[in-house]
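Structure file final_39.cif with mmCIF, C-alpha atoms:
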data_final
#
loop_
_atom_site.label_atom_id
_atom_site.label_comp_id
_atom_site.auth_asym_id
_atom_site.auth_seq_id
_atom_site.Cartn_x
_atom_site.Cartn_y
_atom_site.Cartn_z
CA MET A 285 -95.29 39.88 26.71
CA PHE A 286 -95.99 41.42 23.31
CA THR A 287 -99.47 42.48 22.33
CA LEU A 288 -100.74 42.17 18.83
CA LYS A 289 -101.48 45.86 18.57
CA PRO A 290 -100.74 47.15 15.10
CA SER A 291 -98.06 49.73 15.67
CA GLY A 292 -94.38 50.25 15.11
CA ASN A 293 -92.20 52.00 12.62
CA LEU A 294 -92.13 49.00 10.37
CA LEU A 295 -95.90 48.93 10.27
CA SER A 296 -96.34 52.59 9.43
CA ALA A 297 -93.74 52.28 6.69
CA VAL A 298 -95.55 49.30 5.27
CA ARG A 299 -98.81 51.22 5.38
CA ARG A 300 -97.33 54.17 3.59
CA THR A 301 -95.96 52.11 0.74
CA ALA A 302 -98.37 49.23 0.46
CA ILE A 303 -101.73 50.65 1.44
CA LEU A 304 -101.68 53.73 -0.72
CA PRO A 305 -102.57 52.02 -4.03
CA GLY A 306 -105.43 50.19 -2.36
CA LEU A 307 -106.98 53.18 -0.68
CA PRO A 308 -110.29 53.20 -2.47
CA ARG A 309 -111.02 49.63 -1.42
CA GLY A 310 -112.81 48.83 1.84
CA THR A 311 -111.29 49.40 5.29
CA SER A 312 -111.85 45.82 6.50
CA ARG A 313 -109.08 44.52 4.28
CA MET A 314 -106.82 47.29 5.49
CA ARG A 315 -107.44 46.33 9.10
CA ARG A 316 -106.68 42.71 8.36
CA PHE A 317 -103.44 43.70 6.67
CA GLY A 318 -102.53 45.93 9.61
CA LEU A 319 -103.11 43.06 11.99
CA ARG A 320 -100.85 40.80 9.95
CA SER A 321 -97.98 43.27 9.71
CA GLY A 322 -98.33 43.94 13.42
CA ARG A 323 -97.74 40.30 13.99
CA VAL A 324 -94.71 40.46 11.72
CA ALA A 325 -93.32 43.34 13.77
CA THR A 326 -93.85 41.38 16.99
CA VAL A 327 -92.17 38.32 15.56
CA ALA A 328 -89.26 40.49 14.47
CA LEU A 329 -88.94 41.94 17.96
CA VAL A 330 -89.07 38.49 19.57
CA LEU A 331 -86.45 37.23 17.14
CA TYR A 332 -84.33 40.27 17.91
CA ALA A 333 -84.58 39.60 21.65
CA LEU A 334 -83.70 35.93 21.21
CA LEU A 335 -80.78 36.70 18.95
CA LEU A 336 -79.50 39.41 21.27
CA GLY A 337 -79.74 37.05 24.24
CA ALA A 338 -78.00 34.18 22.48
CA CYS A 339 -75.19 36.26 20.99
CA LEU A 340 -74.50 38.35 24.08
CA GLY A 341 -74.74 35.34 26.39
CA LEU A 342 -72.42 33.15 24.35
CA ALA A 343 -69.92 35.93 23.70
CA SER A 344 -69.74 36.96 27.35
CA ALA A 345 -69.43 33.34 28.50
CA ASN A 346 -66.63 32.81 26.02
CA TRP A 347 -64.90 35.97 27.17
CA ALA A 348 -65.22 35.13 30.86
CA THR A 349 -63.85 31.60 30.53
CA ARG A 350 -60.64 32.33 28.67
CA GLY A 351 -57.50 33.62 30.24
CA ARG A 352 -57.11 34.25 33.94
CA TYR A 353 -59.36 33.15 36.76
CA PRO A 354 -61.71 36.05 37.46
CA PHE A 355 -62.45 35.50 41.15
CA GLY A 356 -60.73 34.45 44.34
CA GLY A 357 -57.27 35.85 43.61
CA VAL A 358 -55.04 36.84 46.51
CA ALA A 359 -52.59 39.53 45.42
CA LEU A 360 -49.26 40.06 47.15
CA ASN A 361 -46.99 42.68 45.64
CA ALA A 362 -46.53 41.46 42.08
CA TRP A 363 -47.76 37.92 42.76
CA THR A 364 -51.25 36.50 42.66
CA ALA A 365 -52.44 33.18 44.04
CA TRP A 366 -55.76 31.42 43.61
CA PRO A 367 -55.91 29.19 46.67
CA ARG A 368 -59.41 27.89 46.08
CA ILE A 369 -59.12 26.54 42.55
CA GLY A 370 -57.60 23.31 43.85
CA SER A 371 -60.46 22.54 46.16
CA ARG A 372 -64.07 21.52 45.88
CA ASP A 373 -65.32 25.05 46.41
CA ALA A 374 -63.70 26.31 43.22
CA ASP A 375 -66.02 28.77 41.52
CA PRO A 376 -67.81 27.80 38.28
CA TYR A 377 -65.70 30.16 36.20
CA ALA A 378 -62.45 28.57 37.36
CA ARG A 379 -63.91 25.15 36.62
CA ALA A 380 -65.00 26.21 33.16
CA ILE A 381 -61.56 27.69 32.43
CA ASP A 382 -59.86 24.48 33.56
CA ALA A 383 -62.26 22.42 31.45
CA ARG A 384 -61.45 24.43 28.36
CA THR A 385 -57.68 24.27 28.73
CA GLY A 386 -57.38 20.78 30.19
CA GLU A 387 -55.54 22.21 33.18
CA ILE A 388 -55.22 20.10 36.31
CA PRO A 389 -54.94 22.56 39.21
CA LEU A 390 -52.66 21.84 42.14
CA ALA A 391 -54.87 20.47 44.89
CA LEU A 392 -55.06 22.33 48.18
CA GLY A 393 -52.95 19.75 50.02
CA GLU A 394 -50.33 19.55 47.27
CA GLY A 395 -49.20 23.10 46.99
CA LEU A 396 -49.92 26.57 45.80
CA VAL A 397 -49.20 28.39 42.54
CA LEU A 398 -48.30 32.08 42.47
CA THR A 399 -48.05 33.90 39.17
CA ALA A 400 -46.71 37.33 38.32
CA THR A 401 -47.21 39.26 35.10
CA GLN A 402 -45.91 42.56 36.49
CA ASP A 403 -42.88 43.74 38.38
CA ASP A 404 -43.05 45.32 41.82
CA ALA A 405 -43.50 48.78 40.29
CA GLY A 406 -46.64 47.61 38.53
CA GLN A 407 -45.21 47.53 35.00
CA ARG A 408 -45.88 44.56 32.77
CA LEU A 409 -42.99 42.14 32.43
CA ASP A 410 -41.24 43.01 29.20
CA PRO A 411 -39.33 40.29 27.29
CA GLY A 412 -36.68 42.85 26.32
CA CYS A 413 -35.77 43.81 29.88
CA ARG A 414 -33.53 42.48 32.62
CA TYR A 415 -35.12 41.64 35.96
CA ALA A 416 -33.85 40.63 39.36
CA VAL A 417 -36.05 38.23 41.29
CA SER A 418 -34.77 38.03 44.83
CA GLY A 419 -35.63 37.50 48.44
CA THR A 420 -37.10 34.52 50.18
CA THR A 421 -40.08 32.34 49.45
CA PRO A 422 -42.94 31.36 51.74
CA PRO A 423 -42.30 28.14 53.68
CA ALA A 424 -42.53 25.05 51.53
CA ARG A 425 -40.82 21.69 51.28
CA ALA A 426 -39.76 22.55 47.76
CA TRP A 427 -40.48 25.24 45.26
CA THR A 428 -39.85 25.92 41.62
CA LEU A 429 -39.72 29.23 39.82
CA ALA A 430 -40.38 29.10 36.10
CA VAL A 431 -40.87 31.61 33.33
CA GLU A 432 -43.50 31.06 30.65
CA ARG A 433 -44.19 32.75 27.38
CA ARG A 434 -47.64 32.92 25.85
CA HIS A 435 -46.52 31.69 22.43
CA PRO A 436 -43.19 29.94 22.97
CA ALA A 437 -40.86 29.47 20.02
CA ARG A 438 -40.65 25.97 18.64
CA ALA A 439 -37.74 23.99 19.96
CA THR A 440 -34.92 23.86 17.47
CA ALA A 441 -33.03 20.62 17.04
CA THR A 442 -29.57 21.89 17.90
CA GLY A 443 -28.61 18.79 19.78
CA GLY A 444 -27.63 20.56 22.97
CA PRO A 445 -29.66 20.56 26.16
CA PRO A 446 -32.84 22.69 26.03
CA PRO A 447 -32.46 26.15 27.56
CA ARG A 448 -33.35 26.49 31.20
CA THR A 449 -36.94 27.52 31.86
CA GLY A 450 -36.92 27.46 35.63
CA PHE A 451 -35.09 26.86 38.88
CA THR A 452 -35.92 24.48 41.68
CA SER A 453 -35.25 25.23 45.32
CA THR A 454 -32.60 22.51 45.41
CA GLU A 455 -30.43 23.73 42.56
CA ILE A 456 -30.59 27.50 42.98
CA LEU A 457 -27.50 29.26 44.37
CA ARG A 458 -28.15 31.09 47.61
CA ASP A 459 -26.47 33.79 49.61
CA ARG A 460 -25.30 33.49 53.22
CA GLY A 461 -28.69 34.37 54.65
CA GLY A 462 -30.50 31.67 52.69
CA GLY A 463 -32.03 34.10 50.26
CA PHE A 464 -31.54 33.93 46.53
CA ALA A 465 -31.17 36.35 43.66
CA LEU A 466 -32.17 35.29 40.21
CA ALA A 467 -31.47 37.19 36.99
CA LEU A 468 -34.14 36.99 34.32
CA SER A 469 -32.53 38.39 31.22
CA PRO A 470 -32.24 37.86 27.46
CA THR A 471 -28.45 38.03 27.76
CA VAL A 472 -26.13 35.84 29.80
CA GLN A 473 -25.79 36.87 33.46
CA PRO A 474 -23.58 35.58 36.28
CA GLY A 475 -25.17 33.59 39.09
CA ASN A 476 -28.67 32.24 38.72
CA TRP A 477 -29.38 33.16 35.14
CA LEU A 478 -32.87 32.42 33.87
CA PRO A 479 -32.91 33.05 30.10
CA MET A 480 -35.81 35.04 28.72
CA PRO A 481 -37.79 32.47 26.73
CA PRO A 482 -37.84 33.09 22.97
CA GLY A 483 -41.15 33.44 21.20
CA GLU A 484 -44.04 35.83 20.96
CA GLY A 485 -46.40 37.39 23.45
CA SER A 486 -46.31 38.31 27.11
CA ILE A 487 -44.29 36.51 29.76
CA ARG A 488 -45.19 35.50 33.26
CA LEU A 489 -43.32 34.14 36.25
CA VAL A 490 -44.76 31.13 38.03
CA LEU A 491 -43.74 30.24 41.57
CA ARG A 492 -44.97 26.84 42.65
CA LEU A 493 -44.80 25.96 46.33
CA TYR A 494 -44.99 22.23 47.01
CA ASP A 495 -46.18 20.70 50.24
CA THR A 496 -46.66 24.04 51.89
CA PRO A 497 -48.65 25.12 54.93
CA VAL A 498 -49.42 28.35 53.08
CA ALA A 499 -52.23 26.79 51.11
CA ALA A 500 -54.34 26.40 54.22
CA SER A 501 -54.21 30.06 55.12
CA THR A 502 -52.93 32.74 52.82
CA GLY A 503 -52.19 34.93 55.82
CA VAL A 504 -48.86 33.12 56.03
CA LEU A 505 -47.99 34.52 52.62
CA GLU A 506 -48.15 38.07 53.89
CA ARG A 507 -46.08 37.31 56.95
CA GLU A 508 -43.30 35.42 55.20
CA GLY A 509 -43.13 37.53 52.09
CA VAL A 510 -42.76 36.70 48.45
CA PRO A 511 -39.76 37.29 46.16
CA SER A 512 -39.47 40.79 44.82
CA ILE A 513 -39.30 41.47 41.09
CA THR A 514 -37.24 44.51 40.12
CA ARG A 515 -36.63 45.86 36.65
CA LEU A 516 -32.93 46.56 36.12
CA GLY A 517 -32.95 47.98 32.63
CA CYS A 518 -34.06 47.39 29.12
CA THR A 519 -32.26 46.91 25.85
CA PRO A 520 -33.71 49.21 23.25
CA MET B 47 -97.14 51.08 23.85
CA THR B 48 -95.00 53.20 21.58
CA PRO B 49 -92.75 51.48 19.04
CA PHE B 50 -89.69 52.65 20.92
CA GLY B 51 -91.09 51.28 24.17
CA ARG B 52 -91.62 47.93 22.53
CA PHE B 53 -88.07 48.00 21.23
CA LEU B 54 -86.77 48.81 24.73
CA LEU B 55 -88.79 45.96 26.20
CA ALA B 56 -87.41 43.57 23.60
CA THR B 57 -83.86 44.73 24.36
CA LEU B 58 -84.45 44.26 28.08
CA CYS B 59 -85.76 40.76 27.50
CA GLY B 60 -82.73 40.06 25.33
CA LEU B 61 -80.37 41.20 28.09
CA VAL B 62 -82.09 39.03 30.70
CA LEU B 63 -81.92 36.13 28.28
CA ALA B 64 -78.21 36.86 27.70
CA GLY B 65 -77.61 36.59 31.45
CA LEU B 66 -79.37 33.25 31.61
CA VAL B 67 -77.48 31.95 28.57
CA HIS B 68 -74.18 33.15 30.08
CA LEU B 69 -74.77 31.34 33.38
CA THR B 70 -76.00 28.18 31.68
CA VAL B 71 -73.02 28.04 29.33
CA VAL B 72 -70.47 28.65 32.10
CA LEU B 73 -72.02 25.92 34.25
CA ALA B 74 -72.33 23.53 31.30
CA ILE B 75 -68.78 23.87 29.94
CA PRO B 76 -67.23 21.31 32.35
CA TYR B 77 -69.85 18.77 31.30
CA LEU B 78 -69.69 19.45 27.56
CA SER B 79 -65.97 19.96 27.11
CA ASP B 80 -64.06 17.13 25.48
CA ARG B 81 -60.72 18.75 26.16
CA ASP B 82 -60.93 18.76 29.96
CA ALA B 83 -58.69 16.55 32.04
CA LEU B 84 -61.51 14.14 32.94
CA SER B 85 -62.31 13.36 29.28
CA ARG B 86 -58.68 13.27 28.23
CA SER B 87 -57.71 10.94 31.05
CA ARG B 88 -60.52 8.51 30.23
CA SER B 89 -58.25 6.75 27.74
CA THR B 90 -56.22 5.48 30.70
CA LEU B 91 -59.20 3.65 32.23
CA SER B 92 -58.03 0.23 31.10
CA ASN B 93 -54.46 0.74 32.32
CA ASP B 94 -53.31 -0.73 35.58
CA THR B 95 -50.72 1.96 36.11
CA SER B 96 -50.68 5.68 35.68
CA VAL B 97 -49.72 7.20 32.34
CA LEU B 98 -47.15 9.96 32.06
CA ILE B 99 -48.77 13.03 30.52
CA HIS B 100 -46.14 15.64 31.30
CA PRO B 101 -42.47 14.68 31.51
CA ALA B 102 -40.01 16.57 33.65
CA GLN B 103 -37.74 18.74 31.50
CA VAL B 104 -34.87 19.84 33.65
CA GLY B 105 -31.97 18.45 31.68
CA GLY B 106 -31.44 16.35 28.64
CA PRO B 107 -34.08 15.67 26.02
CA ALA B 108 -37.62 15.39 27.28
CA GLU B 109 -39.39 12.09 27.10
CA ALA B 110 -42.01 12.10 24.35
CA THR B 111 -45.49 11.75 25.75
CA GLU B 112 -49.02 12.65 24.89
CA ASP B 113 -48.87 16.10 26.42
CA TRP B 114 -52.26 17.83 26.38
CA LEU B 115 -51.76 19.95 29.48
CA PRO B 116 -51.22 23.69 29.23
CA PRO B 117 -47.70 24.80 30.29
CA GLN B 118 -46.73 23.04 33.50
CA ASP B 119 -43.86 23.06 35.91
CA PRO B 120 -40.81 22.01 33.84
CA ALA B 121 -39.37 20.29 36.90
CA SER B 122 -42.29 18.03 37.68
CA ALA B 123 -43.44 14.87 36.02
CA ILE B 124 -47.18 14.36 35.97
CA GLY B 125 -49.00 11.09 35.53
CA VAL B 126 -52.72 10.34 35.55
CA CYS B 127 -54.94 7.34 35.77
CA ALA B 128 -58.68 7.51 35.46
CA TYR B 129 -61.07 5.48 37.59
CA ASP B 130 -64.66 4.44 37.38
CA LEU B 131 -66.08 3.26 40.68
CA ASP B 132 -68.87 1.26 39.02
CA ASP B 133 -66.57 -1.73 38.87
CA GLY B 134 -65.69 -1.53 42.56
CA PRO B 135 -63.40 0.48 44.82
CA VAL B 136 -60.09 1.52 43.30
CA ARG B 137 -56.81 0.92 45.10
CA VAL B 138 -54.04 3.40 44.40
CA THR B 139 -50.57 2.23 45.36
CA ALA B 140 -47.43 4.29 44.97
CA GLU B 141 -43.90 3.32 45.90
CA THR B 142 -42.34 6.54 47.06
CA GLY B 143 -38.69 7.29 46.55
CA PRO B 144 -36.36 10.10 47.51
CA LEU B 145 -38.28 12.58 45.36
CA LEU B 146 -41.15 14.75 46.45
CA GLU B 147 -44.27 13.01 45.27
CA SER B 148 -47.88 13.94 45.70
CA ILE B 149 -51.08 12.19 44.77
CA SER B 150 -54.30 14.09 44.29
CA LEU B 151 -57.78 12.83 43.53
CA HIS B 152 -59.98 14.80 41.20
CA GLY B 153 -63.63 14.36 40.40
CA ARG B 154 -65.93 16.26 38.13
CA SER B 155 -66.31 18.94 40.77
CA GLY B 156 -62.58 19.48 41.18
CA ALA B 157 -59.84 18.18 43.45
CA TYR B 158 -61.19 16.57 46.61
CA TYR B 159 -58.21 14.91 48.24
CA ALA B 160 -54.46 15.18 48.16
CA VAL B 161 -51.65 13.49 50.01
CA THR B 162 -47.89 13.76 49.75
CA ASP B 163 -45.19 11.16 50.20
CA GLN B 164 -44.72 12.27 53.79
CA ALA B 165 -47.78 10.18 54.63
CA ALA B 166 -46.17 7.05 53.22
CA VAL B 167 -45.78 4.04 55.48
CA ARG B 168 -42.54 2.12 54.81
CA GLY B 169 -42.17 3.70 51.40
CA THR B 170 -45.66 2.88 50.23
CA LEU B 171 -48.56 5.23 49.83
CA GLU B 172 -51.85 3.43 49.59
CA LEU B 173 -55.33 4.80 49.14
CA VAL B 174 -58.68 3.19 48.45
CA ILE B 175 -61.20 5.32 46.58
CA MET B 176 -64.81 4.30 47.06
CA THR B 177 -68.30 5.66 46.76
CA ARG B 178 -70.32 6.35 49.89
CA ARG B 179 -72.28 3.15 49.29
CA GLN B 180 -69.17 1.01 48.92
CA PHE B 181 -67.75 2.62 52.03
CA ASP B 182 -70.86 1.75 54.05
CA GLU B 183 -70.81 -1.81 52.72
CA ALA B 184 -67.15 -2.23 53.65
CA LEU B 185 -67.91 -0.97 57.17
CA ALA B 186 -70.87 -3.30 57.51
CA GLU B 187 -68.95 -6.34 56.29
CA ALA B 188 -65.96 -5.78 58.54
CA GLY B 189 -66.04 -7.82 61.74
CA GLU B 190 -65.50 -6.45 65.21
CA ASP B 191 -61.88 -7.56 65.34
CA ASP B 192 -60.90 -6.60 61.79
CA ARG B 193 -58.42 -3.80 61.79
CA ASN B 194 -58.27 -2.23 58.39
CA ARG B 195 -55.26 -0.06 57.72
CA ASP B 196 -56.38 1.26 54.36
CA VAL B 197 -56.84 4.96 53.93
CA ARG B 198 -60.35 5.11 52.56
CA VAL B 199 -61.42 8.15 50.61
CA VAL B 200 -65.05 8.67 49.72
CA ALA B 201 -65.31 10.10 46.21
CA PRO B 202 -67.97 12.68 45.41
CA GLY B 203 -68.79 11.02 42.11
CA ARG B 204 -68.46 7.81 40.14
CA GLU B 205 -65.87 9.09 37.70
CA GLY B 206 -62.60 10.83 38.33
CA TYR B 207 -58.87 10.62 37.93
CA VAL B 208 -55.78 10.27 40.06
CA VAL B 209 -52.92 12.70 39.44
CA VAL B 210 -49.35 11.90 40.45
CA ARG B 211 -46.79 14.68 40.56
CA VAL B 212 -43.13 13.94 41.10
CA LEU B 213 -40.65 16.75 41.41
CA ALA B 214 -37.23 16.36 39.81
CA ALA B 215 -35.26 18.84 41.88
CA LEU B 216 -32.02 18.19 39.96
CA PRO B 217 -31.44 17.42 36.27
CA SER B 218 -30.09 14.02 37.17
CA GLN B 219 -33.41 13.08 38.73
CA GLN B 220 -35.41 13.61 35.56
CA ALA B 221 -35.55 9.98 34.48
CA MET B 222 -36.37 8.82 38.00
CA ALA B 223 -39.22 11.33 38.27
CA ASN B 224 -40.70 10.31 34.94
CA LYS B 225 -40.52 6.67 35.93
CA ALA B 226 -42.12 7.31 39.31
CA ALA B 227 -44.97 9.30 37.79
CA ALA B 228 -45.77 6.45 35.42
CA SER B 229 -45.56 3.63 37.92
CA VAL B 230 -48.42 4.30 40.33
CA SER B 231 -50.81 1.41 40.19
CA CYS B 232 -54.55 1.98 40.15
CA THR B 233 -56.37 -1.32 40.26
CA ILE B 234 -59.89 -2.35 41.03
CA ASP B 235 -60.04 -3.67 44.54
CA GLY B 236 -61.78 -7.01 44.04
CA PRO B 237 -63.79 -8.62 46.83
CA ASP B 238 -61.60 -11.72 46.75
CA GLU B 239 -58.48 -9.89 47.91
#

As structure tokens, how would this structure be written, given the file I've shared?
Amino acid sequence: MFTLKPSGNLLSAVRRTAILPGLPRGTSRMRRFGLRSGRVATVALVLYALLLGACLGLASANWATRGRYPFGGVALNAWTAWPRIGSRDADPYARAIDARTGEIPLALGEGLVLTATQDDAGQRLDPGCRYAVSGTTPPARAWTLAVERRHPARATATGGPPPRTGFTSTEILRDRGGGFALALSPTVQPGNWLPMPPGEGSIRLVLRLYDTPVAASTGVLEREGVPSITRLGCTP
Amino acid sequence: MTPFGRFLLATLCGLVLAGLVHLTVVLAIPYLSDRDALSRSRSTLSNDTSVLIHPAQVGGPAEATEDWLPPQDPASAIGVCAYDLDDGPVRVTAETGPLLESISLHGRSGAYYAVTDQAAVRGTLELVIMTRRQFDEALAEAGEDDRNRDVRVVAPGREGYVVVRVLAALPSQQAMANKAAASVSCTIDGPDE
């Protein structure tokens, strides 16, 4: 790959500084020295290539296997589902991400997870805002809708029940048509109030459909629709 | 070759190497990780029943467990039990109740089978996990008139774990869900049974 030809900036610099005092001596020694420093330059280049490969490779692998699954997402309005992570044809990145976090994905026959980090208008979910999550869910035997914060606040020992972090399909209050409207807000709201979780970092909504025919074909998702997420207003 | 050309060549080689390192690392992470579910669940190998690793938290104080999962559904209780098919086929038996319960089988390559309580016969969900070889042996040993009612699942690998999820749809069902998730039995199916 690399020839041992004496060349390179390093080499010429070495020659300029090191060879000058020895000029009157014979040229054979000079050639030998040139050969040696050429080898040094080659070794430096090989080391550089190895180091570059190792650092870039490790850094990019680290970057690609933290956070969200990179491939196979099915987006529907604000929601995204990864139907294939719970099956045997999950891609290597999803597997690596699960291995790093310890996550056990919902298997294909168990259900499907939809997550949302934005509202329907495409804006990131803001912990200081009020949101209405309403509509109907895709067909499922049961579903739960939970809100998660990246760095949740530590639970304080107040003695009372822990604040609500989600609703299940059984306990949520519905309207006459069978739909529901949920209020995600930092302040108390009437109806289905889901408190904004305290803590730091971004929030996301997670809709888990259990025992659903949707998992088999995500086309059903588009037909049946997903809940809409609307921003109502923000407290400054 | 000019010095700059050599430098470019070295950079190019470095980039190709980076690609190879990237792919190797991504593919190797599931095998090297000691925080993945397979390694973490290995401590349950000697148990006869599943171990609760994520309690349902829908009302009242949550049950303290060894919770190493990233954030999960607050309404579902999750239990695992690991298996190693070297000792023989593994029989998974779950008594289903009024709650939605699902059992999924995971190997090193991901989830390969899942069943919900709707498949239960008289309130019992029973699966036998075996390797391809054990499956063939069981078929060969069975007589013409033997009618085996077991649901046999051929596992892709020797090691894996069973995950039980029970949904507590109402706060009052929390304790029941936790109990159900921790009471699935995974025993080695001996030849004498």

Could you please tell me, as a VMD selection string, which residues of chain B have an atom within 8 Å of chain A when using only C-alpha atoms? chain B and resid 48 to 50 52 to 53 56 to 69 71 to 73 75 to 76 79 81 to 83 86 104 to 107 114 to 117 119 to 121 148 to 150 155 to 162 215 to 216

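Nearest-residue note for Glu172 of chain B: choosing from B:Glu141, B:Asp130, B:Asp80, B:Glu147, the minimum distance belongs to B:Glu141, counting all atoms listed in the file.
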
For Thr90 of chain B, list every protein, DNA or RNA residue within 10 Å, evaluated using only C-alpha atoms, and leave out those in the same chain fewer than 5 positions away; present the list as an NGL selection string. :B and (95-97 or 126-129 or 207)

Take the residues from that selection and put them in a file with C-alpha atoms, as a PDB file, keeping the file's coordinate frame.
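Output file out.pdb is given in full below:
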ATOM      1  CA  THR B  95     -50.720   1.960  36.110  1.00  0.00           C
ATOM      2  CA  SER B  96     -50.680   5.680  35.680  1.00  0.00           C
ATOM      3  CA  VAL B  97     -49.720   7.200  32.340  1.00  0.00           C
ATOM      4  CA  VAL B 126     -52.720  10.340  35.550  1.00  0.00           C
ATOM      5  CA  CYS B 127     -54.940   7.340  35.770  1.00  0.00           C
ATOM      6  CA  ALA B 128     -58.680   7.510  35.460  1.00  0.00           C
ATOM      7  CA  TYR B 129     -61.070   5.480  37.590  1.00  0.00           C
ATOM      8  CA  TYR B 207     -58.870  10.620  37.930  1.00  0.00           C
TER       9      TYR B 207
END

If the PyMOL selection byres ((chain A and resi 514) around 8) were run on this exact file, what residues would it hold? Put them as a PDB file with C-alpha atoms, in the coordinates of the input.
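Result file is result-v2.pdb:
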ATOM      1  CA  ASP A 403     -42.880  43.740  38.380  1.00  0.00           C
ATOM      2  CA  ASP A 404     -43.050  45.320  41.820  1.00  0.00           C
ATOM      3  CA  ALA A 405     -43.500  48.780  40.290  1.00  0.00           C
ATOM      4  CA  TYR A 415     -35.120  41.640  35.960  1.00  0.00           C
ATOM      5  CA  ALA A 416     -33.850  40.630  39.360  1.00  0.00           C
ATOM      6  CA  VAL A 417     -36.050  38.230  41.290  1.00  0.00           C
ATOM      7  CA  SER A 512     -39.470  40.790  44.820  1.00  0.00           C
ATOM      8  CA  ILE A 513     -39.300  41.470  41.090  1.00  0.00           C
ATOM      9  CA  ARG A 515     -36.630  45.860  36.650  1.00  0.00           C
ATOM     10  CA  LEU A 516     -32.930  46.560  36.120  1.00  0.00           C
TER      11      LEU A 516
END

Any idea what the distance is between atom CA of Tyr77 of chain B and atom CA of Ser89 of chain B?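 Value for the atom CA of Tyr77 of chain B-atom CA of Ser89 of chain B distance: 17.1 Å.
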
Evaluate the PyMOL selection byres ((chain A and resi 476-480) around 7) and report residues as a PyMOL selection string: chain A and resi 411+448-450+456-457+465-470+472-475+481-482

Would you compute the distance between atom CA of Thr170 of chain B and atom CA of Pro144 of chain B? Give it in Å to one decimal. 12.1 Å

For Gly483 of chain A, work out the shell of residues within 7 Å, counting only C-alpha atoms and skipping chain neighbours fewer than 3 positions away, then give it as a PyMOL selection string. chain A and resi 433+435-437

I'd like the contact shell of Phe181 of chain B - 8 Å cut-off, only C-alpha atoms, skipping same-chain residues fewer than 5 positions apart - returned as a PyMOL selection string. chain B and resi 176+198+200

Could those residues be written to a file, using C-alpha atoms, as an mmCIF file, keeping the file's coordinate frame?
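Listing of result_21.cif after writing:
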data_model
loop_
_atom_site.group_PDB
_atom_site.id
_atom_site.type_symbol
_atom_site.label_atom_id
_atom_site.label_comp_id
_atom_site.auth_asym_id
_atom_site.auth_seq_id
_atom_site.Cartn_x
_atom_site.Cartn_y
_atom_site.Cartn_z
ATOM 1 C CA MET B 176 -64.810 4.300 47.060
ATOM 2 C CA ARG B 198 -60.350 5.110 52.560
ATOM 3 C CA VAL B 200 -65.050 8.670 49.720
#

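What separates atom CA of Trp363 of chain A from atom CA of Val510 of chain A is a distance of 7.7 Å.
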
Applying the PyMOL selection byres ((chain A and resi 413) around 6) to the file I just gave you, which residues come out? Please list them as JSON, numbers by chain. {"A": [410, 411, 412, 414, 517, 518]}

Using all atoms listed in the file, give me every residue within 8 Å of (-60.2, -0.7, 50.2) in file coordinates, as a list in words.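 Within 8 Å of (-60.2, -0.7, 50.2), the protein and nucleic acid residues are Pro135, Val136, Arg137, Leu173, Val174, Ile175, Met176, Ala184, Asp196, Val197, Arg198 and Asp235 of chain B.
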
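Residues near the point (-43.3, 12.9, 50.7), at a distance of 8 Å or less over only C-alpha atoms, make up Thr142, Leu145, Leu146, Glu147, Ser148, Thr162, Asp163, Gln164, Ala165 and Ala166 of chain B.
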
Could you check which of A:Gly463, A:Val498, A:Thr399, A:Pro367 is closest to Arg352 of chain A, using all atoms listed in the file? A:Thr399
